[in-house]
$ cat target-v9.cif   # mmCIF, C-alpha atoms and all ligand atoms
data_input
#
loop_
_atom_site.label_atom_id
_atom_site.label_comp_id
_atom_site.auth_asym_id
_atom_site.auth_seq_id
_atom_site.Cartn_x
_atom_site.Cartn_y
_atom_site.Cartn_z
CA MET A 1 -54.65 14.16 -41.96
CA ARG A 2 -51.50 12.32 -40.94
CA GLU A 3 -49.94 9.31 -42.57
CA ARG A 4 -50.66 5.99 -40.92
CA ASN A 5 -47.82 4.85 -38.63
CA SER A 6 -45.55 2.71 -40.72
CA TYR A 7 -43.17 0.96 -38.35
CA THR A 8 -43.79 -2.22 -40.25
CA ILE A 9 -40.49 -3.90 -39.47
CA LEU A 10 -40.59 -3.14 -35.79
CA SER A 11 -44.20 -4.15 -35.48
CA ASN A 12 -43.01 -7.65 -36.30
CA ILE A 13 -42.00 -7.74 -32.69
CA GLN A 14 -45.65 -8.38 -31.90
CA ARG A 15 -45.48 -11.58 -33.84
CA VAL A 16 -42.85 -13.02 -31.56
CA SER A 17 -44.74 -16.05 -30.45
CA SER A 18 -45.46 -16.41 -26.76
CA ARG A 19 -43.46 -19.65 -26.77
CA ARG A 20 -40.39 -17.69 -27.81
CA VAL A 21 -41.02 -15.16 -25.03
CA ASN A 22 -41.17 -18.02 -22.53
CA LEU A 23 -37.85 -19.34 -23.80
CA ILE A 24 -36.24 -15.90 -23.50
CA ALA A 25 -37.58 -15.56 -19.95
CA LEU A 26 -36.20 -18.97 -19.05
CA ILE A 27 -32.74 -18.12 -20.40
CA ALA A 28 -32.83 -14.79 -18.52
CA VAL A 29 -33.66 -16.56 -15.25
CA ILE A 30 -30.81 -19.05 -15.74
CA VAL A 31 -28.31 -16.29 -16.57
CA ILE A 32 -29.37 -14.13 -13.60
CA ALA A 33 -29.30 -17.15 -11.28
CA GLY A 34 -25.77 -17.88 -12.50
CA PHE A 35 -24.61 -14.37 -11.72
CA THR A 36 -26.28 -14.10 -8.34
CA ALA A 37 -24.89 -17.48 -7.28
CA GLY A 38 -21.65 -15.55 -6.77
CA CYS A 39 -23.34 -13.05 -4.45
CA SER A 40 -22.27 -14.64 -1.20
CA GLY A 41 -18.84 -15.00 0.36
CA ASP A 42 -16.55 -12.77 2.39
CA LYS A 43 -16.86 -9.78 0.05
CA SER A 44 -20.61 -9.80 -0.61
CA ILE A 45 -22.50 -6.53 -0.17
CA LEU A 46 -25.65 -8.68 -0.13
CA ASP A 47 -24.58 -10.23 3.17
CA PRO A 48 -24.08 -7.19 5.42
CA ALA A 49 -22.55 -7.64 8.88
CA GLY A 50 -22.81 -4.08 10.17
CA GLN A 51 -25.27 -1.19 10.25
CA ALA A 52 -23.46 0.89 7.63
CA ALA A 53 -23.46 -2.02 5.21
CA ARG A 54 -27.12 -2.81 5.96
CA ASP A 55 -28.03 0.78 5.06
CA VAL A 56 -26.13 0.53 1.80
CA THR A 57 -27.68 -2.85 0.98
CA LEU A 58 -31.18 -1.54 1.68
CA ILE A 59 -30.61 1.40 -0.67
CA TRP A 60 -29.23 -1.04 -3.22
CA TRP A 61 -32.36 -3.22 -3.05
CA ILE A 62 -34.65 -0.18 -3.29
CA MET A 63 -32.75 1.10 -6.33
CA LEU A 64 -32.78 -2.33 -7.94
CA SER A 65 -36.54 -2.79 -7.42
CA PHE A 66 -37.29 0.72 -8.61
CA SER A 67 -35.17 0.36 -11.73
CA ALA A 68 -36.80 -3.02 -12.43
CA VAL A 69 -40.22 -1.29 -12.31
CA VAL A 70 -38.95 1.49 -14.59
CA LEU A 71 -37.57 -1.07 -17.02
CA ILE A 72 -40.87 -2.94 -17.14
CA VAL A 73 -42.94 0.25 -17.62
CA VAL A 74 -40.63 1.56 -20.36
CA THR A 75 -40.65 -1.82 -22.14
CA VAL A 76 -44.45 -1.97 -22.06
CA LEU A 77 -44.69 1.59 -23.42
CA TRP A 78 -42.14 0.73 -26.06
CA LEU A 79 -44.09 -2.31 -27.25
CA TYR A 80 -47.30 -0.27 -27.12
CA ALA A 81 -45.70 2.37 -29.37
CA PHE A 82 -45.32 -0.22 -32.14
CA LYS A 83 -49.03 -0.92 -32.20
CA PRO A 84 -50.27 0.05 -35.67
CA ARG A 85 -53.14 2.45 -35.31
CA GLU A 86 -54.93 5.25 -37.04
CA VAL A 87 -53.55 8.61 -35.85
CA THR A 88 -56.43 11.02 -35.58
CA ARG A 89 -54.97 13.60 -33.22
CA THR A 90 -54.29 17.15 -34.30
CA ALA A 91 -50.79 18.62 -34.12
CA ALA A 92 -51.80 20.63 -31.04
CA GLN A 93 -53.00 17.52 -29.24
CA GLU A 94 -49.73 15.76 -30.10
CA ARG A 95 -47.77 18.64 -28.62
CA GLY A 96 -49.87 18.49 -25.47
CA ILE A 97 -49.12 14.78 -25.05
CA ALA A 98 -45.42 15.34 -25.68
CA ARG A 99 -45.38 18.10 -23.06
CA ARG A 100 -47.05 15.88 -20.47
CA TRP A 101 -44.41 13.18 -21.03
CA ILE A 102 -41.56 15.67 -20.79
CA ILE A 103 -42.85 17.28 -17.60
CA GLY A 104 -44.06 14.07 -15.99
CA GLY A 105 -41.37 11.64 -17.09
CA GLY A 106 -38.49 14.06 -17.50
CA ILE A 107 -38.93 16.35 -14.48
CA VAL A 108 -41.47 15.09 -11.91
CA LEU A 109 -40.39 11.45 -11.95
CA PRO A 110 -36.62 12.06 -11.57
CA VAL A 111 -37.14 14.74 -8.90
CA ALA A 112 -39.45 12.45 -6.91
CA SER A 113 -37.16 9.42 -7.18
CA ILE A 114 -33.95 11.30 -6.41
CA THR A 115 -35.62 12.96 -3.40
CA ALA A 116 -36.76 9.54 -2.17
CA LEU A 117 -33.24 8.12 -2.60
CA LEU A 118 -31.70 11.09 -0.77
CA ALA A 119 -34.13 10.51 2.11
CA PHE A 120 -32.48 7.10 2.53
CA GLY A 121 -28.99 8.01 1.40
CA VAL A 122 -28.25 11.11 3.47
CA PRO A 123 -28.93 9.51 6.91
CA ALA A 124 -27.00 6.39 5.84
CA GLY A 125 -24.01 8.53 4.86
CA GLN A 126 -24.35 10.49 8.10
CA ARG A 127 -24.08 7.30 10.16
CA MET A 128 -20.72 6.53 8.53
CA LEU A 129 -19.24 9.85 9.67
CA PRO A 130 -17.06 9.76 12.76
CA LEU A 131 -19.44 11.88 14.86
CA GLY A 132 -20.27 11.69 18.55
CA GLU A 133 -18.50 9.43 21.02
CA PRO A 134 -14.81 8.88 20.16
CA ALA A 135 -14.23 5.36 18.91
CA GLU A 136 -11.35 2.96 18.40
CA VAL A 137 -9.03 4.37 15.73
CA ILE A 138 -7.27 2.25 13.12
CA GLU A 139 -5.13 3.84 10.40
CA VAL A 140 -4.92 2.14 7.04
CA ILE A 141 -2.48 3.35 4.39
CA GLY A 142 -2.64 2.09 0.81
CA HIS A 143 0.65 1.32 -0.93
CA GLN A 144 1.26 -0.12 -4.38
CA TRP A 145 0.05 -2.90 -3.77
CA TRP A 146 -0.47 -3.66 -0.12
CA PHE A 147 -2.08 -2.20 3.00
CA GLU A 148 -0.22 -0.81 5.99
CA VAL A 149 -2.28 -1.00 9.19
CA ARG A 150 -1.52 1.06 12.31
CA TYR A 151 -3.11 1.10 15.76
CA PRO A 152 -2.00 4.49 17.13
CA ASN A 153 -3.85 4.19 20.46
CA ALA A 154 -2.84 0.67 21.42
CA GLU A 155 -2.10 0.42 25.12
CA GLY A 156 1.69 0.37 25.52
CA GLY A 157 2.43 2.06 22.21
CA GLU A 158 1.57 2.10 18.52
CA VAL A 159 1.26 -1.27 16.78
CA VAL A 160 2.09 -1.56 13.07
CA THR A 161 1.30 -4.42 10.76
CA ALA A 162 0.27 -5.05 7.15
CA ASN A 163 -2.33 -6.78 4.98
CA HIS A 164 -4.07 -8.12 8.09
CA LEU A 165 -6.45 -5.97 10.05
CA VAL A 166 -8.09 -6.91 13.33
CA MET A 167 -10.87 -4.84 14.84
CA PRO A 168 -13.04 -5.15 17.94
CA VAL A 169 -16.53 -6.54 17.35
CA GLY A 170 -19.72 -4.74 18.39
CA GLU A 171 -18.26 -1.26 18.72
CA PRO A 172 -17.72 1.56 16.22
CA VAL A 173 -14.25 1.82 14.72
CA ASP A 174 -12.98 4.94 12.96
CA PHE A 175 -10.80 4.09 10.02
CA ASN A 176 -8.43 6.92 9.12
CA VAL A 177 -7.26 6.12 5.64
CA SER A 178 -4.75 7.64 3.27
CA GLY A 179 -2.45 6.68 0.42
CA ALA A 180 1.35 6.51 0.28
CA ASP A 181 1.83 6.85 -3.48
CA VAL A 182 -1.34 6.96 -5.59
CA ILE A 183 -5.05 6.90 -4.76
CA HIS A 184 -6.27 3.56 -3.42
CA GLY A 185 -9.73 2.59 -2.17
CA PHE A 186 -10.64 1.21 1.26
CA TRP A 187 -13.60 -1.12 1.06
CA ILE A 188 -14.85 -3.87 3.38
CA PRO A 189 -18.04 -4.76 1.47
CA ARG A 190 -19.75 -6.62 4.33
CA LEU A 191 -19.18 -3.70 6.73
CA GLY A 192 -19.86 -0.73 4.45
CA GLY A 193 -17.84 1.90 2.72
CA LYS A 194 -16.08 2.54 0.48
CA ILE A 195 -13.74 5.50 0.82
CA ASP A 196 -10.77 6.79 -1.17
CA MET A 197 -7.25 6.58 0.26
CA ILE A 198 -5.64 9.77 -0.98
CA PRO A 199 -1.96 10.73 -0.56
CA GLY A 200 -1.54 13.78 1.70
CA ARG A 201 -5.07 13.59 3.07
CA VAL A 202 -6.79 11.58 5.79
CA ASN A 203 -10.32 10.35 5.07
CA ARG A 204 -12.40 8.92 7.88
CA ILE A 205 -15.12 6.33 7.90
CA ARG A 206 -16.88 4.78 10.89
CA LEU A 207 -17.74 1.11 10.59
CA GLU A 208 -18.92 -1.51 13.02
CA ALA A 209 -18.90 -5.31 12.83
CA ASP A 210 -21.86 -7.10 14.45
CA ILE A 211 -20.32 -10.54 14.52
CA PRO A 212 -16.87 -11.99 15.11
CA ALA A 213 -15.85 -13.10 11.62
CA VAL A 214 -13.34 -12.81 8.83
CA PHE A 215 -14.21 -10.29 6.14
CA GLY A 216 -12.63 -9.74 2.79
CA ALA A 217 -11.56 -6.28 1.71
CA GLN A 218 -10.18 -5.13 -1.58
CA CYS A 219 -8.60 -2.00 -2.98
CA ALA A 220 -11.45 -0.30 -4.79
CA GLU A 221 -9.62 2.28 -6.87
CA LEU A 222 -7.56 1.28 -9.90
CA CYS A 223 -4.01 1.90 -8.71
CA GLY A 224 -1.73 0.19 -11.19
CA VAL A 225 -0.69 -3.26 -12.34
CA GLY A 226 -1.06 -4.94 -8.92
CA HIS A 227 -4.50 -3.50 -8.16
CA ALA A 228 -6.42 -6.76 -8.57
CA HIS A 229 -3.98 -8.41 -6.14
CA MET A 230 -4.48 -5.92 -3.35
CA HIS A 231 -6.62 -7.63 -0.74
CA LEU A 232 -6.91 -7.02 2.96
CA HIS A 233 -7.76 -9.73 5.48
CA VAL A 234 -10.11 -8.25 8.10
CA GLU A 235 -10.96 -10.05 11.30
CA SER A 236 -13.34 -8.86 14.01
CA LEU A 237 -12.53 -10.13 17.49
CA PRO A 238 -14.20 -9.78 20.90
CA ARG A 239 -12.67 -6.86 22.82
CA GLU A 240 -10.45 -9.01 25.11
CA GLU A 241 -9.00 -10.97 22.20
CA TYR A 242 -8.46 -7.74 20.30
CA ASP A 243 -6.58 -6.20 23.23
CA ALA A 244 -4.54 -9.38 23.63
CA TRP A 245 -3.72 -9.36 19.90
CA LEU A 246 -2.41 -5.80 20.20
CA GLY A 247 -0.65 -6.55 23.48
CA ALA A 248 1.31 -9.37 21.84
CA ARG A 249 2.56 -6.97 19.18
CA GLN A 250 4.32 -4.45 21.38
CA ASP A 251 7.84 -3.63 20.26
CA GLU A 252 9.61 -5.44 23.13
CA GLN A 253 7.66 -8.66 22.53
CA LEU A 254 8.29 -8.58 18.79
CA SER A 255 12.02 -7.81 19.23
CA ALA A 256 12.35 -10.65 21.71
CA LEU A 257 10.61 -13.00 19.27
CA ALA A 258 12.85 -12.04 16.33
CA THR A 259 16.10 -12.34 18.26
CA ALA A 260 15.18 -15.26 20.53
CA ASP A 261 16.91 -18.03 18.62
CA ALA A 262 20.69 -17.53 18.80
CA ASP A 263 21.19 -20.16 16.06
CA GLN A 264 19.46 -17.90 13.58
CA GLU A 265 22.08 -15.13 13.68
CA GLU A 266 23.33 -16.04 10.21
CA VAL A 267 19.82 -15.81 8.78
CA ARG A 268 19.27 -12.47 10.49
CA ASP A 269 22.52 -11.27 8.90
CA ALA A 270 21.27 -12.34 5.48
CA PHE A 271 18.07 -10.45 6.23
CA ARG A 272 20.04 -7.36 7.27
CA THR A 273 22.01 -7.53 4.01
CA HIS A 274 19.23 -8.21 1.51
CA CYS A 275 15.94 -7.17 3.04
CA ALA A 276 16.49 -4.63 5.83
CA SER A 277 16.47 -1.58 3.54
CA CYS A 278 12.78 -2.17 2.78
CA HIS A 279 11.37 -4.22 5.66
CA GLN A 280 11.02 -3.69 9.35
CA VAL A 281 11.43 -6.60 11.73
CA ALA A 282 11.33 -5.23 15.27
CA GLY A 283 14.73 -5.66 16.89
CA VAL A 284 16.45 -6.42 13.57
CA SER A 285 15.72 -3.75 10.97
CA SER A 286 13.65 -0.66 10.34
CA GLY A 287 13.07 -0.38 6.57
CA ASN A 288 9.74 1.14 5.69
CA ILE A 289 9.31 0.66 1.94
CA GLY A 290 7.64 -2.75 2.13
CA PRO A 291 5.29 -4.32 4.68
CA ASP A 292 6.39 -4.64 8.32
CA LEU A 293 7.36 -8.28 8.79
CA SER A 294 7.65 -8.35 12.60
CA ASP A 295 4.58 -10.64 12.91
CA ILE A 296 4.64 -12.12 9.40
CA GLY A 297 4.23 -15.66 10.75
CA SER A 298 0.73 -14.81 11.94
CA ARG A 299 -0.56 -13.38 8.65
CA ALA A 300 -3.45 -15.20 7.01
CA THR A 301 -2.08 -14.51 3.54
CA LEU A 302 1.08 -13.36 1.79
CA GLY A 303 1.48 -10.68 -0.86
CA ALA A 304 -1.78 -8.94 0.12
CA GLY A 305 -3.92 -11.99 -0.51
CA VAL A 306 -2.17 -13.76 -3.39
CA MET A 307 -1.06 -16.76 -1.28
CA VAL A 308 -2.51 -18.54 1.71
CA MET A 309 -0.04 -18.58 4.59
CA GLU A 310 1.06 -22.14 5.33
CA GLU A 311 4.30 -23.96 6.01
CA GLY A 312 6.86 -23.06 3.35
CA ALA A 313 4.75 -20.24 1.92
CA VAL A 314 7.25 -17.47 2.73
CA SER A 315 10.07 -19.26 0.97
CA GLN A 316 7.75 -19.82 -2.03
CA TRP A 317 7.01 -16.11 -2.00
CA LEU A 318 10.71 -15.23 -1.90
CA LYS A 319 11.48 -17.44 -4.89
CA HIS A 320 8.44 -16.81 -7.05
CA HIS A 321 6.80 -13.56 -6.00
CA GLN A 322 7.17 -11.92 -9.41
CA THR A 323 5.21 -14.82 -10.93
CA LEU A 324 2.67 -14.93 -8.12
CA LYS A 325 2.13 -11.18 -8.19
CA PRO A 326 3.51 -9.80 -11.45
CA GLY A 327 5.00 -6.33 -11.29
CA ASN A 328 5.00 -6.05 -7.49
CA ARG A 329 7.48 -3.60 -5.96
CA MET A 330 9.73 -6.18 -4.33
CA PRO A 331 12.82 -6.93 -6.44
CA SER A 332 13.33 -10.51 -7.50
CA HIS A 333 15.98 -12.30 -5.43
CA GLY A 334 16.86 -14.82 -8.13
CA ASP A 335 20.57 -14.10 -7.53
CA MET A 336 20.42 -15.42 -3.95
CA ASP A 337 20.95 -19.13 -3.38
CA THR A 338 17.81 -21.11 -2.58
CA ASP A 339 19.17 -22.40 0.74
CA THR A 340 19.43 -18.84 2.04
CA LEU A 341 15.93 -18.02 0.76
CA ASP A 342 14.54 -21.19 2.39
CA ALA A 343 16.29 -20.32 5.67
CA LEU A 344 14.94 -16.76 5.52
CA GLY A 345 11.46 -18.10 4.82
CA ALA A 346 11.60 -20.59 7.68
CA TRP A 347 12.85 -17.96 10.13
CA LEU A 348 10.21 -15.38 9.08
CA GLU A 349 7.48 -17.97 9.60
CA THR A 350 8.52 -18.29 13.26
CA LEU A 351 7.68 -14.60 13.75
CA SER A 352 4.21 -15.34 15.04
CA PRO A 353 3.41 -13.71 18.39
C1 LIG A 401 13.23 -2.77 -2.60
C2 LIG A 401 12.45 -3.13 -1.46
C3 LIG A 401 12.35 -4.56 -1.01
C4 LIG A 401 13.36 -5.46 -0.72
C5 LIG A 401 14.86 -5.24 -0.84
C6 LIG A 401 12.71 -6.63 -0.23
N1 LIG A 401 11.35 -6.48 -0.23
FE1 LIG A 401 10.00 -7.81 0.46
N2 LIG A 401 8.50 -6.60 -0.16
C7 LIG A 401 8.66 -5.36 -0.71
C8 LIG A 401 7.37 -4.85 -1.12
C9 LIG A 401 7.09 -3.51 -1.76
C10 LIG A 401 6.42 -5.85 -0.78
C11 LIG A 401 4.94 -5.81 -1.02
C12 LIG A 401 4.65 -6.55 -2.30
C13 LIG A 401 3.19 -6.61 -2.62
O1 LIG A 401 2.48 -7.35 -1.94
O2 LIG A 401 2.78 -5.92 -3.56
C14 LIG A 401 7.18 -6.93 -0.17
C15 LIG A 401 6.59 -8.08 0.36
C16 LIG A 401 7.26 -9.04 1.09
C17 LIG A 401 6.65 -10.12 1.79
C18 LIG A 401 5.16 -10.39 1.92
C19 LIG A 401 4.60 -9.55 3.04
C20 LIG A 401 3.13 -9.68 3.26
O3 LIG A 401 2.62 -9.07 4.19
O4 LIG A 401 2.46 -10.38 2.52
C21 LIG A 401 7.66 -10.84 2.37
C22 LIG A 401 7.52 -12.08 3.24
C23 LIG A 401 8.90 -10.20 2.01
N3 LIG A 401 8.62 -9.10 1.23
C24 LIG A 401 10.13 -10.64 2.41
C25 LIG A 401 11.33 -10.09 1.93
C26 LIG A 401 12.63 -10.68 2.19
C27 LIG A 401 12.89 -11.90 3.04
C28 LIG A 401 13.54 -9.88 1.55
C29 LIG A 401 15.03 -10.08 1.47
C30 LIG A 401 15.48 -11.29 0.84
C31 LIG A 401 12.80 -8.80 0.91
N4 LIG A 401 11.48 -8.99 1.17
C32 LIG A 401 13.38 -7.77 0.20
C33 LIG A 401 9.84 -4.67 -0.86
C34 LIG A 401 11.10 -5.23 -0.70
CU CU A 402 -6.06 -0.42 -6.21
#
$ encode --input "target-v9.cif" --output "structure tokens"
Amino acid sequence: MRERNSYTILSNIQRVSSRRVNLIALIAVIVIAGFTAGCSGDKSILDPAGQAARDVTLIWWIMLSFSAVVLIVVTVLWLYAFKPREVTRTAAQERGIARRWIIGGGIVLPVASITALLAFGVPAGQRMLPLGEPAEVIEVIGHQWWFEVRYPNAEGGEVVTANHLVMPVGEPVDFNVSGADVIHGFWIPRLGGKIDMIPGRVNRIRLEADIPAVFGAQCAELCGVGHAHMHLHVESLPREEYDAWLGARQDEQLSALATADADQEEVRDAFRTHCASCHQVAGVSSGNIGPDLSDIGSRATLGAGVMVMEEGAVSQWLKHHQTLKPGNRMPSHGDMDTDTLDALGAWLETLSP
């Protein structure tokens, strides 16, 4: 004969009154509602805007529902285990029961659920590979802590910009991504992904946007102190607008824009002295350590998403960027007089094709 089960303390759990359970359930609902209230917006995986993201979201919902069922079953079994009862089984019977749980719950259940997940996951992953018809190619390179964006096949010659990505809507786009210094992560949650940006290697992912919209993207691989401030503004445009956007960013147009105003020669000289070693402005300089500034006036944000672009924003950035984005790789220009910084800011803001 066995001893009677003696989980006396734990069996108290049964005495939790049903009113208390209701209260716990209510608190749980409020907490979950609070968390999920943040599940919309331009970076929400729950609001997919492309097939790849829809696949991922579907898998996410299936996994969530399945794990909720598992949680409920395990909780019920757990509570059931506390039930005080006479144990009348023999040791051999106990072993038989244990074996059934190990084989059923430890082998059959995981194999079945992982197979079911793979049945969804493998085709979804396959659709994100750049297979079949060649598509529009956009190169994205992660830097500490900003994104370089290149359009190698633009009609008229390669277009380079930063922190602002436009893509055609309703057609597949192959993103060729890599890293300039450390590993970064390319992730546009509403379109799908994500994929690592690794120095010395090009990773490819095919994504498509169903609607013309602005999407948020964020570096998804811890890459140093500025990681949280490494956003990418993604905009999907109808084909004609996309082509026009690229067309306006050809080298000759950008050079003409930067050198148009003869009165600004002094400002351009200041730029050549203090900024040219790191920044490219077509027609003025060709530094390649920081973002290309040839079309900076048309960016939606500054500092890879830390500031909204508006009148005076560039000069604010020049004066306060180490406060706005602590640790970023642009040296502070506190030694320059504010009039020069304001003039540089005002001139850069005119660089909007
Ligand atoms: C040593 C290199 C270096 C120098 C010199 C430098 N910058 Fe930068 N700059 C950077 C880097 C790196 C970034 C990206 C910072 C980030 O977002 O993490 C940057 C970012 C910027 C941005 C924001 C770009 C964007 O897309 O959001 C502006 C505007 C800018 N610099 C202007 C200037 C001006 C004007 C000067 C000269 C007074 C200057 N920079 C000098 C390296 C430099
Ligand atoms: Cu990062």
$ residues_near_ligand --input "target-v9.cif" --ligand "ligand CU 402 (chain A)" --cutoff "10 Å" --atoms "all atoms listed in the file" --output "PDB file with C-alpha atoms, in the coordinates of the input"
ATOM      1  CA  GLY A 142      -2.640   2.090   0.810  1.00  0.00           C
ATOM      2  CA  HIS A 143       0.650   1.320  -0.930  1.00  0.00           C
ATOM      3  CA  GLN A 144       1.260  -0.120  -4.380  1.00  0.00           C
ATOM      4  CA  TRP A 145       0.050  -2.900  -3.770  1.00  0.00           C
ATOM      5  CA  TRP A 146      -0.470  -3.660  -0.120  1.00  0.00           C
ATOM      6  CA  VAL A 182      -1.340   6.960  -5.590  1.00  0.00           C
ATOM      7  CA  ILE A 183      -5.050   6.900  -4.760  1.00  0.00           C
ATOM      8  CA  HIS A 184      -6.270   3.560  -3.420  1.00  0.00           C
ATOM      9  CA  GLY A 185      -9.730   2.590  -2.170  1.00  0.00           C
ATOM     10  CA  PHE A 186     -10.640   1.210   1.260  1.00  0.00           C
ATOM     11  CA  ASP A 196     -10.770   6.790  -1.170  1.00  0.00           C
ATOM     12  CA  MET A 197      -7.250   6.580   0.260  1.00  0.00           C
ATOM     13  CA  GLN A 218     -10.180  -5.130  -1.580  1.00  0.00           C
ATOM     14  CA  CYS A 219      -8.600  -2.000  -2.980  1.00  0.00           C
ATOM     15  CA  ALA A 220     -11.450  -0.300  -4.790  1.00  0.00           C
ATOM     16  CA  GLU A 221      -9.620   2.280  -6.870  1.00  0.00           C
ATOM     17  CA  LEU A 222      -7.560   1.280  -9.900  1.00  0.00           C
ATOM     18  CA  CYS A 223      -4.010   1.900  -8.710  1.00  0.00           C
ATOM     19  CA  GLY A 224      -1.730   0.190 -11.190  1.00  0.00           C
ATOM     20  CA  VAL A 225      -0.690  -3.260 -12.340  1.00  0.00           C
ATOM     21  CA  GLY A 226      -1.060  -4.940  -8.920  1.00  0.00           C
ATOM     22  CA  HIS A 227      -4.500  -3.500  -8.160  1.00  0.00           C
ATOM     23  CA  ALA A 228      -6.420  -6.760  -8.570  1.00  0.00           C
ATOM     24  CA  HIS A 229      -3.980  -8.410  -6.140  1.00  0.00           C
ATOM     25  CA  MET A 230      -4.480  -5.920  -3.350  1.00  0.00           C
ATOM     26  CA  HIS A 231      -6.620  -7.630  -0.740  1.00  0.00           C
TER      27      HIS A 231
END
$ residues_around --input "target-v9.cif" --residues "stretch 329-342 of chain A" --least-positions-apart "2" --cutoff "9 Å" --atoms "only C-alpha atoms" --output "ChimeraX atom specification"
/A:144-145,267,270,274,278,290,312,314-316,318-322,327,344-347
$ atom_distance --input "target-v9.cif" --atom1 "atom CA of A:Leu79" --atom2 "atom CA of A:Ile27"
20.6 Å
$ residues_around --input "target-v9.cif" --residues "stretch 127-141 of chain A" --least-positions-apart "2" --cutoff "10 Å" --atoms "all atoms listed in the file" --output "PDB file with C-alpha atoms, in the frame of the given file"
ATOM      1  CA  GLN A  51     -25.270  -1.190  10.250  1.00  0.00           C
ATOM      2  CA  ALA A  52     -23.460   0.890   7.630  1.00  0.00           C
ATOM      3  CA  ALA A  53     -23.460  -2.020   5.210  1.00  0.00           C
ATOM      4  CA  ASP A  55     -28.030   0.780   5.060  1.00  0.00           C
ATOM      5  CA  VAL A 122     -28.250  11.110   3.470  1.00  0.00           C
ATOM      6  CA  PRO A 123     -28.930   9.510   6.910  1.00  0.00           C
ATOM      7  CA  ALA A 124     -27.000   6.390   5.840  1.00  0.00           C
ATOM      8  CA  GLY A 125     -24.010   8.530   4.860  1.00  0.00           C
ATOM      9  CA  HIS A 143       0.650   1.320  -0.930  1.00  0.00           C
ATOM     10  CA  TRP A 146      -0.470  -3.660  -0.120  1.00  0.00           C
ATOM     11  CA  PHE A 147      -2.080  -2.200   3.000  1.00  0.00           C
ATOM     12  CA  GLU A 148      -0.220  -0.810   5.990  1.00  0.00           C
ATOM     13  CA  VAL A 149      -2.280  -1.000   9.190  1.00  0.00           C
ATOM     14  CA  ARG A 150      -1.520   1.060  12.310  1.00  0.00           C
ATOM     15  CA  TYR A 151      -3.110   1.100  15.760  1.00  0.00           C
ATOM     16  CA  PRO A 152      -2.000   4.490  17.130  1.00  0.00           C
ATOM     17  CA  ASN A 153      -3.850   4.190  20.460  1.00  0.00           C
ATOM     18  CA  ALA A 154      -2.840   0.670  21.420  1.00  0.00           C
ATOM     19  CA  VAL A 159       1.260  -1.270  16.780  1.00  0.00           C
ATOM     20  CA  VAL A 160       2.090  -1.560  13.070  1.00  0.00           C
ATOM     21  CA  THR A 161       1.300  -4.420  10.760  1.00  0.00           C
ATOM     22  CA  ALA A 162       0.270  -5.050   7.150  1.00  0.00           C
ATOM     23  CA  ASN A 163      -2.330  -6.780   4.980  1.00  0.00           C
ATOM     24  CA  LEU A 165      -6.450  -5.970  10.050  1.00  0.00           C
ATOM     25  CA  VAL A 166      -8.090  -6.910  13.330  1.00  0.00           C
ATOM     26  CA  MET A 167     -10.870  -4.840  14.840  1.00  0.00           C
ATOM     27  CA  PRO A 168     -13.040  -5.150  17.940  1.00  0.00           C
ATOM     28  CA  GLU A 171     -18.260  -1.260  18.720  1.00  0.00           C
ATOM     29  CA  PRO A 172     -17.720   1.560  16.220  1.00  0.00           C
ATOM     30  CA  VAL A 173     -14.250   1.820  14.720  1.00  0.00           C
ATOM     31  CA  ASP A 174     -12.980   4.940  12.960  1.00  0.00           C
ATOM     32  CA  PHE A 175     -10.800   4.090  10.020  1.00  0.00           C
ATOM     33  CA  ASN A 176      -8.430   6.920   9.120  1.00  0.00           C
ATOM     34  CA  VAL A 177      -7.260   6.120   5.640  1.00  0.00           C
ATOM     35  CA  SER A 178      -4.750   7.640   3.270  1.00  0.00           C
ATOM     36  CA  GLY A 179      -2.450   6.680   0.420  1.00  0.00           C
ATOM     37  CA  ALA A 180       1.350   6.510   0.280  1.00  0.00           C
ATOM     38  CA  ASP A 181       1.830   6.850  -3.480  1.00  0.00           C
ATOM     39  CA  HIS A 184      -6.270   3.560  -3.420  1.00  0.00           C
ATOM     40  CA  GLY A 185      -9.730   2.590  -2.170  1.00  0.00           C
ATOM     41  CA  PHE A 186     -10.640   1.210   1.260  1.00  0.00           C
ATOM     42  CA  GLY A 192     -19.860  -0.730   4.450  1.00  0.00           C
ATOM     43  CA  GLY A 193     -17.840   1.900   2.720  1.00  0.00           C
ATOM     44  CA  MET A 197      -7.250   6.580   0.260  1.00  0.00           C
ATOM     45  CA  ILE A 198      -5.640   9.770  -0.980  1.00  0.00           C
ATOM     46  CA  PRO A 199      -1.960  10.730  -0.560  1.00  0.00           C
ATOM     47  CA  VAL A 202      -6.790  11.580   5.790  1.00  0.00           C
ATOM     48  CA  ASN A 203     -10.320  10.350   5.070  1.00  0.00           C
ATOM     49  CA  ARG A 204     -12.400   8.920   7.880  1.00  0.00           C
ATOM     50  CA  ILE A 205     -15.120   6.330   7.900  1.00  0.00           C
ATOM     51  CA  ARG A 206     -16.880   4.780  10.890  1.00  0.00           C
ATOM     52  CA  LEU A 207     -17.740   1.110  10.590  1.00  0.00           C
ATOM     53  CA  GLU A 208     -18.920  -1.510  13.020  1.00  0.00           C
TER      54      GLU A 208
END
$ residues_around --input "target-v9.cif" --residues "stretch 245-249 of chain A" --least-positions-apart "3" --cutoff "10 Å" --atoms "only C-alpha atoms" --output "ChimeraX atom specification"
/A:151,154-161,166-167,237,239-242,252-255,282,294-295,352-353
$ atom_distance --input "target-v9.cif" --atom1 "atom CA of A:Leu117" --atom2 "atom CA of A:Leu191"
20.6 Å
$ atom_distance --input "target-v9.cif" --atom1 "atom CA of A:Met307" --atom2 "atom CA of A:Pro326"
13.1 Å
